[in-house]
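File shown: data.txt (compact mmCIF, C-alpha atoms).
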# COMPACT_ATOMS: atom_id res chain seq x y z
CA MET A 1 -41.81 39.23 -139.72
CA ILE A 2 -41.03 35.89 -138.12
CA ALA A 3 -43.40 34.55 -135.48
CA VAL A 4 -41.71 33.26 -132.36
CA GLU A 5 -43.21 30.25 -130.67
CA PRO A 6 -43.49 30.49 -126.90
CA GLN A 7 -41.22 28.17 -124.95
CA LYS A 8 -42.96 25.18 -123.44
CA THR A 9 -41.94 24.06 -119.99
CA GLY A 10 -44.11 21.49 -118.34
CA ARG A 11 -47.75 22.53 -118.34
CA PHE A 12 -47.22 26.26 -118.86
CA SER A 13 -45.90 28.16 -121.83
CA LEU A 14 -43.60 31.10 -121.19
CA PRO A 15 -43.73 33.80 -123.88
CA GLY A 16 -40.79 35.75 -122.47
CA PRO A 17 -39.32 36.78 -119.14
CA THR A 18 -41.39 35.63 -116.22
CA ILE A 19 -43.17 38.02 -113.92
CA ALA A 20 -40.62 37.30 -111.19
CA ALA A 21 -37.71 38.10 -113.51
CA ARG A 22 -39.30 41.39 -114.53
CA PHE A 23 -40.01 42.23 -110.88
CA ILE A 24 -36.41 41.50 -109.87
CA SER A 25 -35.14 43.58 -112.78
CA ARG A 26 -37.27 46.56 -111.77
CA LEU A 27 -36.34 46.15 -108.13
CA SER A 28 -32.63 46.13 -108.95
CA LYS A 29 -33.04 49.34 -110.95
CA ILE A 30 -34.72 50.98 -107.96
CA PHE A 31 -31.96 49.82 -105.58
CA LYS A 32 -29.27 51.14 -107.92
CA LYS A 33 -30.86 54.57 -107.70
CA LEU A 34 -30.99 54.56 -103.91
CA SER A 35 -27.96 55.80 -102.08
CA LEU A 36 -25.99 54.29 -99.24
CA SER A 37 -27.66 56.80 -96.92
CA VAL A 38 -31.09 55.28 -97.55
CA TYR A 39 -29.74 51.80 -96.85
CA SER A 40 -28.05 53.04 -93.70
CA VAL A 41 -31.17 54.74 -92.31
CA THR A 42 -33.31 51.71 -93.20
CA LEU A 43 -30.90 49.34 -91.48
CA ALA A 44 -30.82 51.58 -88.39
CA ILE A 45 -34.63 51.60 -88.19
CA ILE A 46 -34.73 47.80 -88.53
CA LEU A 47 -32.06 47.38 -85.83
CA ASN A 48 -33.90 49.77 -83.52
CA GLY A 49 -37.11 47.82 -84.05
CA LEU A 50 -35.21 44.66 -83.15
CA LEU A 51 -33.92 46.35 -79.99
CA TRP A 52 -37.47 47.35 -79.02
CA LEU A 53 -38.70 43.82 -79.65
CA LEU A 54 -35.89 42.24 -77.62
CA SER A 55 -36.29 44.64 -74.72
CA ILE A 56 -40.02 44.00 -74.51
CA LYS A 57 -39.89 40.22 -75.01
CA LEU A 58 -36.68 39.12 -73.30
CA PHE A 59 -36.17 41.41 -70.35
CA PRO A 60 -37.92 40.45 -67.11
CA ARG A 61 -40.44 43.23 -66.47
CA GLU A 62 -41.91 41.55 -63.40
CA ASN A 63 -38.64 41.87 -61.49
CA PRO A 64 -38.80 44.81 -59.11
CA ILE A 65 -35.01 45.09 -59.28
CA ALA A 66 -32.84 44.79 -62.37
CA ILE A 67 -29.19 45.55 -62.97
CA LEU A 68 -29.15 48.25 -65.65
CA HIS A 69 -25.49 49.27 -65.70
CA TYR A 70 -22.28 47.46 -64.94
CA ASN A 71 -18.86 49.06 -64.77
CA THR A 72 -15.67 46.97 -64.88
CA ASP A 73 -13.95 49.20 -62.31
CA ILE A 74 -16.76 49.43 -59.76
CA GLY A 75 -19.12 46.63 -60.69
CA ILE A 76 -22.87 47.15 -60.54
CA ASP A 77 -23.49 50.88 -60.37
CA PHE A 78 -27.12 51.33 -61.47
CA ILE A 79 -30.09 49.28 -60.36
CA GLY A 80 -33.63 49.99 -61.49
CA GLY A 81 -36.93 48.36 -62.31
CA GLY A 82 -37.30 45.72 -65.01
CA GLY A 83 -39.30 48.06 -67.24
CA ASP A 84 -36.53 50.66 -67.20
CA ILE A 85 -34.62 48.75 -69.89
CA THR A 86 -36.85 50.45 -72.49
CA ILE A 87 -34.67 53.51 -72.00
CA LEU A 88 -32.09 51.82 -74.25
CA PRO A 89 -34.31 51.49 -77.35
CA ALA A 90 -35.82 54.90 -76.62
CA ILE A 91 -32.33 56.40 -76.81
CA GLY A 92 -31.84 54.55 -80.10
CA SER A 93 -35.10 55.95 -81.48
CA LEU A 94 -34.13 59.45 -80.39
CA LEU A 95 -30.75 59.10 -82.11
CA VAL A 96 -32.36 57.86 -85.33
CA LEU A 97 -34.92 60.65 -85.37
CA SER A 98 -32.48 63.42 -84.46
CA ASN A 99 -29.86 62.31 -87.01
CA ILE A 100 -32.45 62.06 -89.77
CA VAL A 101 -33.78 65.54 -89.00
CA LEU A 102 -30.30 67.06 -88.62
CA GLY A 103 -29.16 65.38 -91.83
CA LEU A 104 -32.12 66.78 -93.72
CA ALA A 105 -31.50 70.22 -92.23
CA VAL A 106 -27.81 70.40 -93.18
CA ARG A 107 -28.06 68.58 -96.52
CA PRO A 108 -28.63 71.71 -98.64
CA THR A 109 -25.41 73.28 -97.34
CA ASP A 110 -23.18 70.31 -96.46
CA LYS A 111 -24.00 66.98 -98.10
CA GLN A 112 -20.98 65.22 -96.59
CA LEU A 113 -22.06 66.05 -93.04
CA ALA A 114 -25.57 64.80 -93.80
CA ARG A 115 -24.14 61.53 -95.11
CA ILE A 116 -22.01 61.10 -91.99
CA LEU A 117 -25.06 61.70 -89.78
CA TRP A 118 -26.98 59.03 -91.67
CA TRP A 119 -24.16 56.51 -92.11
CA ILE A 120 -23.36 56.40 -88.40
CA LEU A 121 -26.91 55.39 -87.43
CA PRO A 122 -26.46 51.60 -87.76
CA ILE A 123 -23.29 51.81 -85.66
CA TYR A 124 -25.29 53.48 -82.85
CA GLN A 125 -27.88 50.73 -83.01
CA ILE A 126 -25.30 47.94 -82.99
CA VAL A 127 -23.63 49.45 -79.91
CA LEU A 128 -27.03 49.65 -78.19
CA LEU A 129 -27.81 46.04 -79.13
CA ILE A 130 -24.47 44.92 -77.67
CA ALA A 131 -25.16 46.91 -74.50
CA PHE A 132 -28.60 45.30 -74.25
CA TYR A 133 -27.06 41.85 -74.67
CA PHE A 134 -24.63 42.39 -71.80
CA ILE A 135 -27.31 43.85 -69.52
CA TRP A 136 -29.58 40.92 -70.34
CA ARG A 137 -26.78 38.44 -69.62
CA ILE A 138 -26.05 40.03 -66.24
CA ASN A 139 -29.70 39.80 -65.23
CA ASN A 140 -30.18 36.17 -66.32

Is it possible to express this structure as C-alpha cells?
Amino acid sequence: MIAVEPQKTGRFSLPGPTIAARFISRLSKIFKKLSLSVYSVTLAIILNGLLWLLSIKLFPRENPIAILHYNTDIGIDFIGGGGDITILPAIGSLLVLSNIVLGLAVRPTDKQLARILWWILPIYQIVLLIAFYFIWRINN
C-alpha cells in the first residue's frame, strides 16, 4: 500500500476534501431528493414572512385613515385604519395553510392536484406583495 502525503497549503495541511466541500456535497444530495413542491411551499412561506415584515414595518399604523383599495374605474373605494393592512398577509397565510392542508389531503388520490395546489403558492404571495406595494405607494 502506498502512503499518500497530505497536501500542504499555507499553514494547514489538507488530507482530503475540506469540511465545506463535504457539507456542500451532502447538501446537494439532499436538495436533489427534494421535489419542486417543497421548494415552492418554502418559497411561499418566505414570501409571506416578507409580506408580514413589510406590512408591520413600512405601513403607517398611526394614521387613523389609510387607503386600502384603489380601483382604476372608480378610484379609492375602501378606506380603513392603518393597522388594517395586516389583512393582506393574513390572507396570504390562510392561503398557504389551506393549500398545504388540501394538498396533503388529496395527495393519496390525486398527486397532480396536490402539486398544483403547492406550486401555485408562490404566485399567490407575489400577487399579494405587488398589491401591498401599490397600496403602500398610494398612501405615501

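Atom CA of Arg137 of chain A to atom CA of Ala90 of chain A spans 20.0 Å [interatomic distance, one decimal].
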
*What lies within 12 Å of Leu58 of chain A using only C-alpha atoms, ignoring chain neighbours under 5 positions off, as a ChimeraX atom specification?*
/A:50-53,82-83,85-86,132-133,135-137,139-140

Same residues, C-alpha atoms, saved as a compact mmCIF listing (two decimals), in the frame of the given file:
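out.txt, written as the output of this step:
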# COMPACT_ATOMS: atom_id res chain seq x y z
CA LEU A 50 -35.21 44.66 -83.15
CA LEU A 51 -33.92 46.35 -79.99
CA TRP A 52 -37.47 47.35 -79.02
CA LEU A 53 -38.70 43.82 -79.65
CA GLY A 82 -37.30 45.72 -65.01
CA GLY A 83 -39.30 48.06 -67.24
CA ILE A 85 -34.62 48.75 -69.89
CA THR A 86 -36.85 50.45 -72.49
CA PHE A 132 -28.60 45.30 -74.25
CA TYR A 133 -27.06 41.85 -74.67
CA ILE A 135 -27.31 43.85 -69.52
CA TRP A 136 -29.58 40.92 -70.34
CA ARG A 137 -26.78 38.44 -69.62
CA ASN A 139 -29.70 39.80 -65.23
CA ASN A 140 -30.18 36.17 -66.32

_Nearest-residue call for Ile100 of chain A, choices A:Phe59, A:Trp118, A:Tyr124, A:Tyr39, using all atoms listed in the file_ =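 Closest to Ile100 of chain A, using all atoms listed in the file: A:Trp118.
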
_Need the shell around Leu47 of chain A: protein/DNA/RNA residues with any atom at most 8 Å away, counting all atoms listed in the file. Skip same-chain ones fewer than 4 positions apart. Format as a ChimeraX atom specification?_
/A:43,51,122,125-126

*Best match for closeness to Leu113 of chain A among A:Phe134, A:Ser37, A:Ala21, A:Val127, counting all atoms listed in the file*: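 Counting all atoms listed in the file, the residue closest to Leu113 of chain A is A:Ser37.
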
*For Val96 of chain A, which residue among A:Leu128, A:Ile45, A:Ile138, A:Ala114 is the nearest when counting all atoms listed in the file?*
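With all atoms listed in the file as the atom set, the closest residue is A:Ile45.
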
_I'd like to know which of A:Ser40, A:Ser98, A:Ser28, A:Ser55 is closest to Ile120 of chain A, using all atoms listed in the file._
A:Ser40

*Which is closest to Ile123 of chain A among A:Leu54, A:Ala44, A:Val101, A:Val106, if we use only C-alpha atoms?*
A:Ala44

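Closest approach to Pro89 of chain A from the set A:Leu36, A:Ile19, A:Ile46, A:Ile24 is made by A:Ile46, with distances taken over only C-alpha atoms.
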